[in-house]
Structure formats: structure tokens, C-alpha cells
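A.B. asks: What follows is final15.pdb, made up of PDB, C-alpha atoms:
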ATOM      1  CA  MET M  24      28.983  41.126 -25.802
ATOM      2  CA  THR M  25      25.475  42.401 -25.153
ATOM      3  CA  ARG M  26      23.415  41.408 -22.155
ATOM      4  CA  ARG M  27      19.879  40.423 -22.866
ATOM      5  CA  GLY M  28      17.309  42.008 -20.572
ATOM      6  CA  SER M  29      14.134  40.309 -19.402
ATOM      7  CA  ARG M  30      10.770  41.166 -20.981
ATOM      8  CA  SER M  31       9.862  42.957 -17.760
ATOM      9  CA  GLY M  32      12.787  45.358 -18.182
ATOM     10  CA  LEU M  33      14.221  44.296 -14.798
ATOM     11  CA  PRO M  34      17.744  42.837 -14.554
ATOM     12  CA  PRO M  35      17.665  39.075 -13.724
ATOM     13  CA  PRO M  36      18.730  39.402 -10.029
ATOM     14  CA  LEU M  37      15.970  41.941  -9.401
ATOM     15  CA  LEU M  38      13.539  39.721 -11.281
ATOM     16  CA  VAL M  39      14.326  36.827  -8.877
ATOM     17  CA  VAL M  40      13.783  39.127  -5.869
ATOM     18  CA  ALA M  41      10.516  40.433  -7.368
ATOM     19  CA  ALA M  42       9.292  36.858  -7.976
ATOM     20  CA  ALA M  43      10.160  35.855  -4.379
ATOM     21  CA  VAL M  44       8.366  38.915  -2.969
ATOM     22  CA  MET M  45       5.316  38.242  -5.143
ATOM     23  CA  LEU M  46       5.148  34.581  -4.063
ATOM     24  CA  ALA M  47       5.488  35.564  -0.385
ATOM     25  CA  PHE M  48       2.721  38.153  -0.841
ATOM     26  CA  ALA M  49       0.536  35.589  -2.640
ATOM     27  CA  TRP M  50       1.101  33.066   0.179
ATOM     28  CA  TRP M  51       0.003  35.670   2.744
ATOM     29  CA  ALA M  52      -2.937  36.958   0.651
ATOM     30  CA  VAL M  53      -4.564  33.544   0.222
ATOM     31  CA  SER M  54      -4.213  32.813   3.949
ATOM     32  CA  LEU M  55      -6.551  35.697   4.881
ATOM     33  CA  PRO M  56     -10.023  34.792   6.217
ATOM     34  CA  PRO M  57     -12.424  34.071   3.316
ATOM     35  CA  PHE M  58     -15.350  36.472   2.802
ATOM     36  CA  SER M  59     -13.551  39.116   4.935
ATOM     37  CA  GLY M  60     -13.194  42.776   4.109
ATOM     38  CA  LEU M  61      -9.418  42.486   4.441
ATOM     39  CA  ALA M  62      -9.245  39.651   1.889
ATOM     40  CA  THR M  63     -11.421  41.665  -0.509
ATOM     41  CA  ALA M  64      -9.269  44.772  -0.060
ATOM     42  CA  VAL M  65      -6.024  42.831  -0.582
ATOM     43  CA  VAL M  66      -7.182  40.944  -3.702
ATOM     44  CA  ILE M  67      -8.928  43.906  -5.361
ATOM     45  CA  GLY M  68      -6.175  46.305  -4.255
ATOM     46  CA  ALA M  69      -3.357  44.108  -5.562
ATOM     47  CA  GLY M  70      -5.144  43.449  -8.851
ATOM     48  CA  SER M  71      -5.894  47.152  -9.345
ATOM     49  CA  ALA M  72      -2.331  48.182  -8.434
ATOM     50  CA  VAL M  73      -0.880  45.697 -10.940
ATOM     51  CA  ALA M  74      -3.330  46.930 -13.608
ATOM     52  CA  LEU M  75      -2.315  50.564 -12.994
ATOM     53  CA  TRP M  76       1.363  49.645 -13.043
ATOM     54  CA  GLY M  77       0.910  47.783 -16.322
ATOM     55  CA  ALA M  78      -1.036  50.652 -17.869
ATOM     56  CA  ARG M  79       1.712  53.142 -16.971
ATOM     57  CA  ALA M  80       4.533  50.924 -18.238
ATOM     58  CA  PRO M  81       5.994  51.627 -21.687
ATOM     59  CA  ALA M  82       3.989  50.040 -24.509
ATOM     60  CA  LEU M  83       5.055  46.533 -25.486
ATOM     61  CA  ASP M  84       6.663  46.083 -28.876
ATOM     62  CA  ARG M  85       4.139  43.553 -30.112
ATOM     63  CA  PRO M  86       4.281  42.477 -33.740
ATOM     64  CA  THR M  87       1.114  43.214 -35.674
ATOM     65  CA  PRO M  88      -0.818  39.941 -36.060
ATOM     66  CA  GLN M  89      -1.047  38.825 -39.656
ATOM     67  CA  GLY M  90      -4.680  39.169 -40.774
ATOM     68  CA  GLY M  91      -5.973  35.785 -39.503
ATOM     69  CA  THR M  92      -9.607  35.720 -38.437
ATOM     70  CA  THR M  93     -10.354  35.798 -34.716
ATOM     71  CA  ALA M  94     -14.037  34.826 -35.099
ATOM     72  CA  PRO M  95     -13.548  31.125 -34.128
ATOM     73  CA  TRP M  96     -11.985  32.257 -30.834
ATOM     74  CA  ALA M  97     -14.953  34.490 -30.132
ATOM     75  CA  ALA M  98     -17.218  31.479 -30.793
ATOM     76  CA  VAL M  99     -15.245  29.246 -28.384
ATOM     77  CA  VAL M 100     -15.276  31.932 -25.653
ATOM     78  CA  LEU M 101     -19.016  32.526 -26.097
ATOM     79  CA  ALA M 102     -19.724  28.777 -26.029
ATOM     80  CA  GLY M 103     -17.694  28.437 -22.817
ATOM     81  CA  ALA M 104     -19.467  31.389 -21.207
ATOM     82  CA  ALA M 105     -22.905  30.050 -22.222
ATOM     83  CA  TRP M 106     -22.117  26.552 -20.887
ATOM     84  CA  GLU M 107     -20.795  28.005 -17.620
ATOM     85  CA  PHE M 108     -23.868  30.236 -17.241
ATOM     86  CA  ALA M 109     -26.230  27.320 -17.927
ATOM     87  CA  ALA M 110     -24.490  25.264 -15.220
ATOM     88  CA  TYR M 111     -24.554  28.223 -12.825
ATOM     89  CA  LEU M 112     -28.346  28.571 -13.162
ATOM     90  CA  GLN M 113     -28.985  24.937 -12.229
ATOM     91  CA  HIS M 114     -28.772  23.156  -8.880
ATOM     92  CA  PRO M 115     -27.465  21.261  -7.010
ATOM     93  CA  ARG M 116     -23.881  22.399  -7.692
ATOM     94  CA  ASP M 117     -22.524  18.840  -7.465
ATOM     95  CA  GLU M 118     -24.697  17.865 -10.418
ATOM     96  CA  HIS M 119     -24.019  21.065 -12.365
ATOM     97  CA  PRO M 120     -20.423  22.089 -11.586
ATOM     98  CA  THR M 121     -19.209  25.533 -12.665
ATOM     99  CA  VAL M 122     -15.613  26.345 -13.564
ATOM    100  CA  SER M 123     -15.133  28.023 -10.191
ATOM    101  CA  SER M 124     -16.508  25.037  -8.260
ATOM    102  CA  LEU M 125     -14.120  22.795 -10.223
ATOM    103  CA  ALA M 126     -11.258  25.230  -9.572
ATOM    104  CA  ASN M 127     -12.010  25.197  -5.847
ATOM    105  CA  ALA M 128     -11.294  21.481  -5.770
ATOM    106  CA  LEU M 129      -7.993  22.014  -7.615
ATOM    107  CA  LEU M 130      -6.968  24.912  -5.345
ATOM    108  CA  ASP M 131      -7.490  23.032  -2.122
ATOM    109  CA  SER M 132      -3.930  23.450  -0.781
ATOM    110  CA  GLN M 133      -2.439  26.799   0.198
ATOM    111  CA  SER M 134       0.547  26.333  -2.138
ATOM    112  CA  ALA M 135      -1.772  25.755  -5.127
ATOM    113  CA  ARG M 136      -3.865  28.796  -4.187
ATOM    114  CA  ALA M 137      -0.754  30.978  -3.767
ATOM    115  CA  ALA M 138       0.602  29.865  -7.162
ATOM    116  CA  ALA M 139      -2.787  30.517  -8.783
ATOM    117  CA  PHE M 140      -2.969  33.960  -7.165
ATOM    118  CA  ALA M 141       0.526  34.846  -8.432
ATOM    119  CA  LEU M 142      -0.450  33.691 -11.950
ATOM    120  CA  TRP M 143      -3.642  35.729 -11.692
ATOM    121  CA  LEU M 144      -1.588  38.844 -10.914
ATOM    122  CA  LEU M 145       0.795  38.153 -13.821
ATOM    123  CA  ALA M 146      -2.143  37.694 -16.187
ATOM    124  CA  MET M 147      -3.572  41.017 -14.976
ATOM    125  CA  LEU M 148      -0.229  42.647 -15.799
ATOM    126  CA  ARG M 149      -0.390  41.166 -19.310
ATOM    127  CA  LEU M 150      -3.989  42.361 -19.771
ATOM    128  CA  SER M 151      -3.119  45.905 -18.755
ATOM    129  CA  ARG M 152       0.060  46.370 -20.847
ATOM    130  CA  ARG M 153      -0.504  48.445 -23.960
TER     131      ARG M 153
ATOM    132  CA  MET V  16     -25.623  11.648 -15.168
ATOM    133  CA  THR V  17     -26.088  15.429 -15.444
ATOM    134  CA  ARG V  18     -22.711  15.976 -13.752
ATOM    135  CA  TRP V  19     -21.021  13.980 -16.486
ATOM    136  CA  VAL V  20     -22.953  15.807 -19.210
ATOM    137  CA  THR V  21     -21.806  19.142 -17.753
ATOM    138  CA  LEU V  22     -18.204  17.955 -17.472
ATOM    139  CA  PHE V  23     -18.344  16.540 -21.020
ATOM    140  CA  GLY V  24     -19.404  20.000 -22.264
ATOM    141  CA  TYR V  25     -16.363  21.615 -20.616
ATOM    142  CA  VAL V  26     -14.099  18.952 -22.116
ATOM    143  CA  VAL V  27     -15.546  19.519 -25.616
ATOM    144  CA  ILE V  28     -14.958  23.275 -25.311
ATOM    145  CA  ALA V  29     -11.403  22.776 -24.000
ATOM    146  CA  VAL V  30     -10.556  20.279 -26.756
ATOM    147  CA  SER V  31     -12.025  22.682 -29.336
ATOM    148  CA  ALA V  32      -9.782  25.455 -28.052
ATOM    149  CA  VAL V  33      -6.669  23.256 -28.165
ATOM    150  CA  GLY V  34      -7.600  22.005 -31.656
ATOM    151  CA  LEU V  35      -8.194  25.564 -32.857
ATOM    152  CA  GLU V  36      -4.765  26.608 -31.565
ATOM    153  CA  VAL V  37      -3.069  23.663 -33.305
ATOM    154  CA  VAL V  38      -4.816  24.456 -36.611
ATOM    155  CA  ALA V  39      -4.143  28.206 -36.260
ATOM    156  CA  ARG V  40      -0.405  27.596 -35.831
ATOM    157  CA  ARG V  41      -0.340  25.862 -39.238
ATOM    158  CA  SER V  42      -2.632  28.337 -40.967
ATOM    159  CA  VAL V  43      -2.287  31.941 -42.124
ATOM    160  CA  SER V  44      -6.046  32.563 -42.276
ATOM    161  CA  LEU V  45      -6.701  31.786 -38.600
ATOM    162  CA  ALA V  46      -5.413  33.797 -35.628
ATOM    163  CA  THR V  47      -3.734  31.964 -32.755
ATOM    164  CA  PHE V  48      -5.073  32.585 -29.250
ATOM    165  CA  GLY V  49      -2.211  34.980 -28.506
ATOM    166  CA  GLN V  50      -2.863  36.931 -31.718
ATOM    167  CA  ALA V  51      -6.596  37.105 -30.948
ATOM    168  CA  VAL V  52      -5.860  38.446 -27.443
ATOM    169  CA  THR V  53      -3.380  40.976 -28.868
ATOM    170  CA  VAL V  54      -5.997  42.211 -31.355
ATOM    171  CA  ALA V  55      -8.645  42.463 -28.617
ATOM    172  CA  LEU V  56      -6.329  44.348 -26.228
ATOM    173  CA  ARG V  57      -5.644  47.045 -28.840
ATOM    174  CA  ARG V  58      -9.088  48.513 -28.095
ATOM    175  CA  TRP V  59      -9.077  50.198 -24.697
ATOM    176  CA  PRO V  60     -12.788  49.510 -23.902
ATOM    177  CA  VAL V  61     -12.166  45.800 -24.457
ATOM    178  CA  ARG V  62      -9.072  45.975 -22.284
ATOM    179  CA  LEU V  63     -11.076  47.680 -19.547
ATOM    180  CA  VAL V  64     -13.876  45.087 -19.694
ATOM    181  CA  LEU V  65     -11.370  42.204 -19.601
ATOM    182  CA  GLN V  66      -9.563  43.758 -16.622
ATOM    183  CA  GLY V  67     -12.857  44.225 -14.784
ATOM    184  CA  GLY V  68     -13.841  40.636 -15.487
ATOM    185  CA  TRP V  69     -10.423  39.433 -14.368
ATOM    186  CA  LEU V  70     -10.713  41.392 -11.085
ATOM    187  CA  TRP V  71     -14.134  39.848 -10.485
ATOM    188  CA  LEU V  72     -12.760  36.353 -11.189
ATOM    189  CA  GLY V  73      -9.914  36.876  -8.694
ATOM    190  CA  TRP V  74     -12.333  38.109  -6.038
ATOM    191  CA  HIS V  75     -14.637  35.151  -6.753
ATOM    192  CA  LEU V  76     -11.853  32.544  -6.604
ATOM    193  CA  PHE V  77      -9.677  33.928  -3.795
ATOM    194  CA  VAL V  78     -12.161  35.705  -1.498
ATOM    195  CA  ARG V  79     -15.618  34.181  -2.001
ATOM    196  CA  VAL V  80     -14.486  30.688  -1.087
ATOM    197  CA  ASP V  81     -14.384  28.954   2.271
ATOM    198  CA  TRP V  82     -11.120  27.021   2.197
ATOM    199  CA  ARG V  83     -11.410  25.705   5.732
TER     200      ARG V  83
END
Could I get this file's structure written as C-alpha cells?
C.D. replies:
Amino acid sequence: MTRRGSRSGLPPPLLVVAAAVMLAFAWWAVSLPPFSGLATAVVIGAGSAVALWGARAPALDRPTPQGGTTAPWAAVVLAGAAWEFAAYLQHPRDEHPTVSSLANALLDSQSARAAAFALWLLAMLRLSRR
Amino acid sequence: MTRWVTLFGYVVIAVSAVGLEVVARRSVSLATFGQAVTVALRRWPVRLVLQGGWLWLGWHLFVRVDWR
């Protein structure tokens, strides 16, 4: 019988411990005073550390995508960025909400912010894996 | 009124993205979102730009906000 490993390469018990540590760290990180140097150092430091870790990890065995065009996705991303930028340039913010001002309302509780921060770190890991 | 126009724009873009993903999963000529990201991440300059943008977004959402 073969044991299946996780995609992270960690055995399941260690994966649970790593998830608990990351959530505890996220809970602490989002409780730091906003606009402070410490909060900036923690967020940028954690994001950079995860990116470096991901870049040094063994390359993922990703299947080669089958020749489908990616142009429509580029169009959707550009449309979203243009709409966001247009809203950002106009005031008042209540009348012209940006994605971040909408996200702020969703991330009002500390648990939601901690979960979002943990997801942000995981997404950074995915972006930095080769 | 302008608030609803702005929100409607975001909804249209989000629905377009979901619709594109649904169509891409049934098509061989269209990449899914995951495939498009995989293709983009193969180029290291793109990966670097996306990581920089992602760092900025995290700083913007988790530092440049007064929660209290």
C-alpha cells in the first residue's frame, strides 16, 4: 500500500501543524496597528519570505496546457484593471467604490482578515512556484 | 446612481470571467483560468511582476487600512 503525500510535500500531520501556525501568525499579523512600520515589515516580510521559499522549492510537475488561447483572459483582466482605475480616479469613494474599498467592508472582522491574509500568503506561494 | 453603475461594471466583469471559465472547460480552443495562469507563470519576468503586484495588494489591504 502506498501513502499519498500532499502537494506541499509535507506529511499530513506536519501539514496540519503548518496550517495552525500560519493561521496563528495571520491572526497576529492583522492585529498590528494599521499604517505602522511594524505592520508593513510583517506583511512585506512574510510575503517576500513565502515568495523566496516558493522559488527555491522543487519545480511543480505541471502538465503543459493544451494550446487553448489565453487572449480572452487578458481582455477580462485588462477590463477589470481599467474599470478599477477609472473608479479610483473619481471621488467621493462611496459613489465610486474600488475593489479594495469593497474588500474593506468584507474584511471588517479580525477572523475574516486573518483568513484573507492566510489565503494571500498561499496565493503568493503558488505565484512563486516554478 | 454612479455607485450602482460602478458596481454593475464589477458584476459584468465577474460574470464574464465565470462565463469564460465555464466555456473554456467545455472547449479545447480556449484556456481555462488555471491554464492561462500556468502559461503566464512560465515566463520569469511575468512571475516577478505578478509577485510584486501581489505584495503591493497585500500591503494595501492589510496595512493601509484603518480597521478601528
A.B. asks: Counting only C-alpha atoms, which residues of chain M come no farther than 7 Å from chain V, as number ranges by chain?
C.D. replies: M: 53, 57-58, 62-63, 66-67, 70, 88, 90-93, 99, 103, 117-120, 123, 131, 147, 150-151
A.B. asks: Starting from the shown file, work through the PyMOL selection byres ((chain M and resi 74) around 9) and note down what comes out as a VMD selection string.
C.D. replies: (chain M and resid 69 to 73 75 to 79 144 147 to 152) or (chain V and resid 66)
A.B. asks: Rounded to one decimal place, report the CA of Trp106 in chain M-CA of Ser132 in chain M distance in Å.
C.D. replies: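 Between these atoms lies a distance of 27.3 Å.
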A.B. asks: Please measure the separation of CA of Gly68 in chain M and CA of Asn127 in chain M, giving the value in Å to one decimal.
C.D. replies: 22.0 Å
A.B. asks: So the first atom is CA of Arg40 in chain V and the second is CA of Ala97 in chain M; what is the distance between them in Å, to one decimal place?
C.D. replies: 17.1 Å
A.B. asks: Can you pull out the residues contacting Phe48 in chain M? Cut-off 10 Å, using all atoms listed in the file, and skip same-chain residues under 4 positions away; I want them as a PyMOL selection string.
C.D. replies: chain M and resi 42-44+52-54+65+69+137+140-141
A.B. asks: Can you rebuild range 38-49 of chain M with all heavy atoms and give it as a compact mmCIF listing (two decimals), in the frame of the given file?
C.D. replies:
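Produced file rebuild-v8.txt, reproduced below:
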# COMPACT_ATOMS: atom_id res chain seq x y z
N LEU M 38 14.71 40.50 -10.88
CA LEU M 38 13.54 39.72 -11.28
C LEU M 38 13.31 38.57 -10.30
O LEU M 38 12.17 38.27 -9.92
CB LEU M 38 13.76 39.18 -12.70
CG LEU M 38 12.53 38.74 -13.47
CD1 LEU M 38 11.56 39.89 -13.64
CD2 LEU M 38 12.94 38.17 -14.82
N VAL M 39 14.43 37.93 -9.85
CA VAL M 39 14.33 36.83 -8.88
C VAL M 39 13.76 37.35 -7.56
O VAL M 39 12.88 36.73 -6.96
CB VAL M 39 15.71 36.16 -8.66
CG1 VAL M 39 15.66 35.17 -7.51
CG2 VAL M 39 16.17 35.48 -9.95
N VAL M 40 14.27 38.52 -7.13
CA VAL M 40 13.78 39.13 -5.87
C VAL M 40 12.30 39.47 -6.00
O VAL M 40 11.49 39.17 -5.11
CB VAL M 40 14.60 40.39 -5.52
CG1 VAL M 40 13.98 41.12 -4.34
CG2 VAL M 40 16.05 40.01 -5.22
N ALA M 41 11.92 40.05 -7.16
CA ALA M 41 10.52 40.43 -7.37
C ALA M 41 9.61 39.20 -7.35
O ALA M 41 8.52 39.23 -6.77
CB ALA M 41 10.37 41.18 -8.70
N ALA M 42 10.09 38.10 -7.95
CA ALA M 42 9.29 36.86 -7.98
C ALA M 42 9.13 36.31 -6.56
O ALA M 42 8.03 35.86 -6.17
CB ALA M 42 9.96 35.83 -8.88
N ALA M 43 10.22 36.36 -5.76
CA ALA M 43 10.16 35.85 -4.38
C ALA M 43 9.19 36.70 -3.55
O ALA M 43 8.39 36.16 -2.77
CB ALA M 43 11.56 35.86 -3.76
N VAL M 44 9.26 38.02 -3.72
CA VAL M 44 8.37 38.92 -2.97
C VAL M 44 6.91 38.65 -3.37
O VAL M 44 6.02 38.58 -2.52
CB VAL M 44 8.75 40.40 -3.21
CG1 VAL M 44 7.67 41.33 -2.68
CG2 VAL M 44 10.09 40.71 -2.56
N MET M 45 6.69 38.46 -4.69
CA MET M 45 5.32 38.24 -5.14
C MET M 45 4.77 36.92 -4.60
O MET M 45 3.60 36.85 -4.18
CB MET M 45 5.25 38.24 -6.68
CG MET M 45 3.82 38.19 -7.18
SD MET M 45 3.66 38.46 -8.92
CE MET M 45 4.18 36.91 -9.54
N LEU M 46 5.62 35.87 -4.58
CA LEU M 46 5.15 34.58 -4.06
C LEU M 46 4.86 34.67 -2.57
O LEU M 46 3.87 34.09 -2.08
CB LEU M 46 6.18 33.49 -4.35
CG LEU M 46 6.17 32.99 -5.80
CD1 LEU M 46 7.32 32.01 -6.03
CD2 LEU M 46 4.84 32.31 -6.13
N ALA M 47 5.72 35.40 -1.83
CA ALA M 47 5.49 35.56 -0.38
C ALA M 47 4.18 36.33 -0.15
O ALA M 47 3.38 35.97 0.72
CB ALA M 47 6.67 36.31 0.25
N PHE M 48 3.96 37.37 -0.95
CA PHE M 48 2.72 38.15 -0.84
C PHE M 48 1.51 37.27 -1.17
O PHE M 48 0.48 37.31 -0.47
CB PHE M 48 2.79 39.35 -1.78
CG PHE M 48 1.50 40.12 -1.86
CD1 PHE M 48 1.08 40.91 -0.80
CD2 PHE M 48 0.68 40.02 -2.98
CE1 PHE M 48 -0.13 41.60 -0.86
CE2 PHE M 48 -0.52 40.71 -3.06
CZ PHE M 48 -0.92 41.49 -1.99
N ALA M 49 1.64 36.46 -2.23
CA ALA M 49 0.54 35.59 -2.64
C ALA M 49 0.22 34.58 -1.53
O ALA M 49 -0.95 34.31 -1.22
CB ALA M 49 0.89 34.87 -3.94
